[in-house]
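This is run-v2.cif. It holds mmCIF, C-alpha atoms.
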```
data_protein
loop_
_atom_site.label_atom_id
_atom_site.label_comp_id
_atom_site.auth_asym_id
_atom_site.auth_seq_id
_atom_site.Cartn_x
_atom_site.Cartn_y
_atom_site.Cartn_z
CA MET A 1 -53.19 -47.01 30.12
CA ASN A 2 -53.55 -47.18 26.36
CA ILE A 3 -51.08 -44.79 24.75
CA ALA A 4 -53.65 -43.86 22.08
CA PHE A 5 -56.07 -42.71 24.78
CA GLU A 6 -53.36 -40.66 26.46
CA ILE A 7 -52.56 -38.96 23.15
CA ILE A 8 -56.25 -38.15 22.67
CA VAL A 9 -56.40 -36.65 26.16
CA LEU A 10 -53.32 -34.50 25.48
CA ILE A 11 -54.75 -33.27 22.18
CA ALA A 12 -58.05 -32.46 23.89
CA ALA A 13 -56.18 -30.54 26.60
CA TYR A 14 -54.28 -28.58 23.96
CA LEU A 15 -57.50 -27.77 22.07
CA CYS A 16 -59.20 -26.66 25.27
CA GLY A 17 -56.27 -24.39 26.07
CA SER A 18 -56.30 -23.08 22.50
CA LEU A 19 -59.78 -21.56 22.82
CA PRO A 20 -58.95 -17.85 22.24
CA PHE A 21 -61.48 -16.25 24.56
CA GLY A 22 -59.70 -12.88 24.62
CA TYR A 23 -59.78 -12.73 20.83
CA TRP A 24 -63.42 -13.80 20.58
CA ILE A 25 -64.65 -11.51 23.36
CA THR A 26 -62.86 -8.45 22.01
CA LYS A 27 -64.09 -9.17 18.48
CA ARG A 28 -67.65 -9.58 19.71
CA VAL A 29 -67.67 -6.44 21.89
CA THR A 30 -65.63 -4.03 19.78
CA GLY A 31 -65.44 -5.58 16.32
CA LYS A 32 -61.65 -5.22 16.53
CA ASN A 33 -58.88 -7.77 16.04
CA ILE A 34 -56.94 -7.81 19.32
CA LEU A 35 -53.96 -9.39 17.57
CA GLU A 36 -53.45 -6.08 15.77
CA LEU A 37 -53.87 -3.81 18.80
CA GLY A 38 -51.96 -3.03 21.97
CA SER A 39 -49.46 -5.75 22.69
CA GLY A 40 -51.05 -8.05 20.10
CA ASN A 41 -51.73 -10.47 22.95
CA ILE A 42 -55.05 -12.26 23.62
CA GLY A 43 -54.65 -12.20 27.40
CA SER A 44 -56.72 -10.24 29.90
CA THR A 45 -54.26 -7.33 30.19
CA ASN A 46 -54.53 -6.51 26.50
CA VAL A 47 -58.29 -7.13 26.55
CA ARG A 48 -58.52 -4.46 29.26
CA ARG A 49 -56.82 -1.97 26.95
CA ILE A 50 -59.13 -2.71 24.04
CA ALA A 51 -62.45 -3.82 25.51
CA GLY A 52 -62.47 -2.59 29.10
CA GLU A 53 -62.34 -3.93 32.64
CA ARG A 54 -65.42 -6.17 32.58
CA MET A 55 -64.37 -8.00 29.44
CA SER A 56 -60.86 -8.32 30.84
CA ASN A 57 -62.19 -9.94 34.01
CA LEU A 58 -64.33 -12.33 31.95
CA THR A 59 -61.32 -13.26 29.82
CA GLN A 60 -59.24 -13.86 32.92
CA VAL A 61 -61.79 -16.26 34.41
CA LEU A 62 -62.25 -18.15 31.14
CA ASP A 63 -58.49 -18.44 30.57
CA MET A 64 -58.09 -19.89 34.05
CA MET A 65 -60.96 -22.31 33.46
CA LYS A 66 -59.52 -23.62 30.19
CA GLY A 67 -56.32 -24.42 32.07
CA LEU A 68 -58.18 -25.98 34.98
CA LEU A 69 -60.72 -28.10 33.11
CA PRO A 70 -58.38 -30.67 31.44
CA VAL A 71 -56.46 -31.12 34.69
CA LEU A 72 -59.69 -31.49 36.66
CA VAL A 73 -60.99 -34.17 34.29
CA VAL A 74 -57.79 -36.23 34.55
CA TRP A 75 -57.69 -35.72 38.33
CA LEU A 76 -61.29 -36.95 38.67
CA LEU A 77 -60.67 -39.96 36.42
CA ARG A 78 -57.72 -40.92 38.58
CA GLU A 79 -59.33 -40.02 41.92
CA PHE A 80 -62.38 -42.22 41.32
CA ASN A 81 -60.33 -45.04 39.78
CA ILE A 82 -62.20 -44.73 36.48
CA THR A 83 -58.91 -45.11 34.68
CA THR A 84 -55.22 -45.00 35.54
CA PHE A 85 -52.43 -42.75 34.36
CA GLU A 86 -48.73 -42.55 35.07
CA PRO A 87 -48.03 -40.10 37.95
CA PHE A 88 -46.43 -37.56 35.59
CA PHE A 89 -49.26 -37.62 33.04
CA ILE A 90 -51.41 -34.98 34.73
CA TYR A 91 -48.51 -32.52 34.44
CA LEU A 92 -48.28 -33.20 30.71
CA VAL A 93 -52.00 -32.46 30.46
CA ALA A 94 -51.51 -29.17 32.30
CA LEU A 95 -48.64 -28.20 29.99
CA ALA A 96 -50.69 -29.11 26.91
CA ALA A 97 -53.44 -26.72 28.01
CA ILE A 98 -50.93 -23.94 28.71
CA LEU A 99 -49.21 -24.44 25.35
CA GLY A 100 -52.63 -24.31 23.69
CA HIS A 101 -53.19 -20.86 25.18
CA ASN A 102 -49.72 -19.64 24.24
CA TYR A 103 -49.81 -21.08 20.72
CA SER A 104 -53.46 -21.43 19.73
CA ILE A 105 -54.24 -23.57 16.72
CA PHE A 106 -57.24 -21.29 16.13
CA LEU A 107 -54.97 -18.23 15.72
CA SER A 108 -52.17 -19.66 13.57
CA LEU A 109 -50.18 -20.48 16.76
CA LYS A 110 -50.48 -16.97 18.17
CA GLY A 111 -51.82 -16.57 21.67
CA GLY A 112 -51.29 -15.26 25.15
CA LYS A 113 -48.51 -15.21 27.70
CA GLY A 114 -49.91 -18.08 29.70
CA VAL A 115 -50.15 -16.63 33.20
CA ASN A 116 -53.88 -17.13 33.80
CA ALA A 117 -53.90 -20.48 31.99
CA THR A 118 -50.96 -21.58 34.15
CA LEU A 119 -52.70 -20.52 37.36
CA GLY A 120 -55.82 -22.43 36.34
CA ALA A 121 -53.89 -25.53 35.30
CA THR A 122 -51.83 -25.52 38.50
CA VAL A 123 -54.36 -24.70 41.21
CA LEU A 124 -55.30 -28.36 41.78
CA LEU A 125 -51.70 -29.53 41.52
CA SER A 126 -50.17 -27.04 43.93
CA PRO A 127 -52.79 -24.71 45.46
CA ILE A 128 -50.45 -23.20 48.05
CA SER A 129 -47.94 -22.27 45.34
CA VAL A 130 -50.67 -20.69 43.22
CA PHE A 131 -52.29 -18.65 45.97
CA GLY A 132 -48.92 -17.61 47.39
CA ALA A 133 -47.75 -16.52 43.95
CA VAL A 134 -50.96 -14.53 43.36
CA LEU A 135 -50.46 -12.69 46.65
CA ILE A 136 -46.90 -11.85 45.60
CA TYR A 137 -48.24 -10.66 42.22
CA PHE A 138 -50.61 -8.16 43.83
CA LEU A 139 -47.87 -6.93 46.18
CA VAL A 140 -45.41 -6.39 43.32
CA LYS A 141 -48.06 -4.74 41.16
CA LYS A 142 -49.05 -2.38 43.97
CA LEU A 143 -45.43 -1.44 44.73
CA PHE A 144 -44.10 -1.08 41.17
CA HIS A 145 -47.24 -0.69 38.99
CA TYR A 146 -46.09 -3.19 36.35
CA VAL A 147 -48.40 -6.07 35.43
CA SER A 148 -45.58 -7.80 33.56
CA LEU A 149 -43.25 -7.63 36.56
CA GLY A 150 -45.96 -9.12 38.75
CA SER A 151 -46.46 -11.90 36.20
CA LEU A 152 -42.74 -12.66 36.21
CA PHE A 153 -42.82 -12.87 40.00
CA ILE A 154 -45.67 -15.37 39.71
CA ALA A 155 -43.50 -17.46 37.40
CA VAL A 156 -40.52 -17.42 39.73
CA SER A 157 -42.34 -17.71 43.04
CA MET A 158 -44.43 -20.82 42.27
CA PRO A 159 -41.49 -23.27 42.12
CA LEU A 160 -39.75 -21.50 45.01
CA ILE A 161 -42.82 -21.84 47.22
CA ASP A 162 -43.21 -25.45 46.17
CA VAL A 163 -39.69 -26.48 47.18
CA PHE A 164 -40.33 -25.16 50.68
CA ILE A 165 -43.41 -27.32 51.19
CA HIS A 166 -42.82 -30.42 49.04
CA PRO A 167 -39.87 -32.67 48.21
CA ILE A 168 -38.58 -32.42 44.66
CA SER A 169 -40.94 -34.33 42.37
CA TYR A 170 -42.63 -34.22 38.98
CA LEU A 171 -44.48 -31.16 40.30
CA THR A 172 -41.19 -29.32 40.82
CA TYR A 173 -40.09 -29.91 37.25
CA TYR A 174 -43.53 -28.98 35.95
CA LEU A 175 -43.41 -25.65 37.80
CA LEU A 176 -39.91 -24.94 36.48
CA ILE A 177 -41.16 -25.53 32.93
CA CYS A 178 -44.05 -23.13 33.64
CA THR A 179 -41.51 -20.55 34.80
CA LEU A 180 -39.56 -20.99 31.58
CA LEU A 181 -42.68 -20.71 29.39
CA ILE A 182 -43.88 -17.54 31.10
CA GLY A 183 -40.39 -16.07 30.95
CA LEU A 184 -40.08 -16.77 27.23
CA ARG A 185 -43.45 -15.16 26.52
CA HIS A 186 -42.39 -12.09 28.50
CA ILE A 187 -39.05 -11.47 26.78
CA PRO A 188 -40.31 -8.25 25.11
CA ASN A 189 -41.61 -7.04 28.50
CA ILE A 190 -38.30 -7.88 30.17
CA LYS A 191 -36.46 -5.82 27.55
CA ARG A 192 -38.83 -2.87 28.13
CA LEU A 193 -38.49 -3.19 31.91
CA ILE A 194 -34.71 -3.01 31.57
CA ALA A 195 -34.98 -0.05 29.20
CA GLY A 196 -37.52 1.70 31.45
CA THR A 197 -40.15 1.87 28.69
CA GLU A 198 -42.66 -0.69 30.01
CA ASN A 199 -46.21 0.60 30.49
CA LYS A 200 -47.30 1.12 34.07
CA VAL A 201 -50.78 0.60 35.51
CA GLU A 202 -52.37 2.78 38.15
#
```
Please rewrite the model in this file as structure tokens.
Amino acid sequence: MNIAFEIIVLIAAYLCGSLPFGYWITKRVTGKNILELGSGNIGSTNVRRIAGERMSNLTQVLDMMKGLLPVLVVWLLREFNITTFEPFFIYLVALAAILGHNYSIFLSLKGGKGVNATLGATVLLSPISVFGAVLIYFLVKKLFHYVSLGSLFIAVSMPLIDVFIHPISYLTYYLLICTLLIGLRHIPNIKRLIAGTENKVE
């Protein structure tokens, strides 16, 4: 595969992931800048605080889709032998989309925490890990009432589930990088959880 084409695909994946739906939706519905409100995050949890449940759900779906779409395109190109990529390339595409969400070029490299984008980018690569992690998220959220804690359990559980069902591969390393990225974006939440000052949800 031509390296120039691969670079173009990675840039396109990053730009797709960079689309700041939470920012745009909140601005359109409320006229407010979500970067200056709540957690300052463009993800669905902060959208819920500022713009309500329906807009939060819409943001969540769109954030998942912008993670899924670049991976789906590369998967289809490979599946139908339209073009060939190295086996690890699809994981780079997924990471590019996630990094776009976390550090959007449209928001001066501000963005979200990457959970929904990660789930979208990963669902084709490791569906069992994704759905298992989501179930764990809802269980943790119901028991402890912390969205951030549930998100951290998603980050940790995906690679753990994967190693039980697959041999160690590029997928394993990809999931570990996802864990690291989500963990880094949640450092303020981790500090508040330890201090007992994190906001709960009912």
Written as number ranges by chain, what is the full residue list that the PyMOL selection byres ((chain A and resi 23) around 8) yields on the file shown? A: 20-22, 24-27, 33-35, 42
Please expand the PyMOL selection byres ((chain A and resi 120) around 12) into the concrete residues it hits in this file, giving the result as a PyMOL selection string. chain A and resi 17+60-72+94-95+97-98+101+114-119+121-127+129-131+134
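Taken over the shown file, the PyMOL selection byres ((chain A and resi 90) around 10) identifies Leu10, Pro70, Val71, Leu72, Val73, Val74, Trp75, Arg78, Phe85, Glu86, Pro87, Phe88, Phe89, Tyr91, Leu92, Val93, Ala94, Leu95, Ala96, Ala121, Leu125, Tyr170, Leu171 and Tyr174 of chain A.
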For a cutoff of 8 Å around the file-coordinate point (-51.9, -2.2, 35.0), which residues qualify once you count only C-alpha atoms? I'd like the result as a list in words. Thr45, Lys141, His145, Tyr146, Val147, Asn199, Lys200, Val201 and Glu202 of chain A
May I have the residues from that selection written out with C-alpha atoms, as a compact mmCIF listing (two decimals), in the frame of the given file?
```
# COMPACT_ATOMS: atom_id res chain seq x y z
CA THR A 45 -54.26 -7.33 30.19
CA LYS A 141 -48.06 -4.74 41.16
CA HIS A 145 -47.24 -0.69 38.99
CA TYR A 146 -46.09 -3.19 36.35
CA VAL A 147 -48.40 -6.07 35.43
CA ASN A 199 -46.21 0.60 30.49
CA LYS A 200 -47.30 1.12 34.07
CA VAL A 201 -50.78 0.60 35.51
CA GLU A 202 -52.37 2.78 38.15
```
Interatomic distance (Å, one decimal) between CA of Leu160 in chain A and CA of Lys113 in chain A: 20.4 Å
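Minimum atom-to-atom distance to Leu184 in chain A, evaluated using only C-alpha atoms, belongs to A:Gly112 out of A:Gly43, A:Gly38, A:Gly112, A:Gly100.
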Would you mind reading off the distance between CA of Ile3 in chain A and CA of Ile177 in chain A, one decimal, in Å? 23.2 Å
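CA of Leu175 in chain A is found 22.6 Å from CA of Leu19 in chain A.
Counting all atoms listed in the file, the residue from A:Gly111, A:Leu180, A:Leu58, A:Asn2 that sits nearest to Thr84 in chain A is A:Asn2.
Take the candidates A:Leu107, A:Ile82, A:Leu143, A:Leu76 and check each one against Asn41 in chain A using only C-alpha atoms; the shortest distance goes to A:Leu107.
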Calculated over all atoms listed in the file, which of the candidates A:Asn81, A:Ser104, A:Thr30, A:Ser157 has the smallest distance to Ala133 in chain A? A:Ser157
Would you place a box with edges along x, y and z of the file around all atoms of range 123-138 of chain A listed there, add 5 Å to each of its six sides, and report the centre and edge lengths in Å to one decimal, as AutoDock Vina command-line options?
```
--center_x -51.1 --center_y -18.8 --center_z 44.6 --size_x 18.4 --size_y 31.4 --size_z 16.8
```
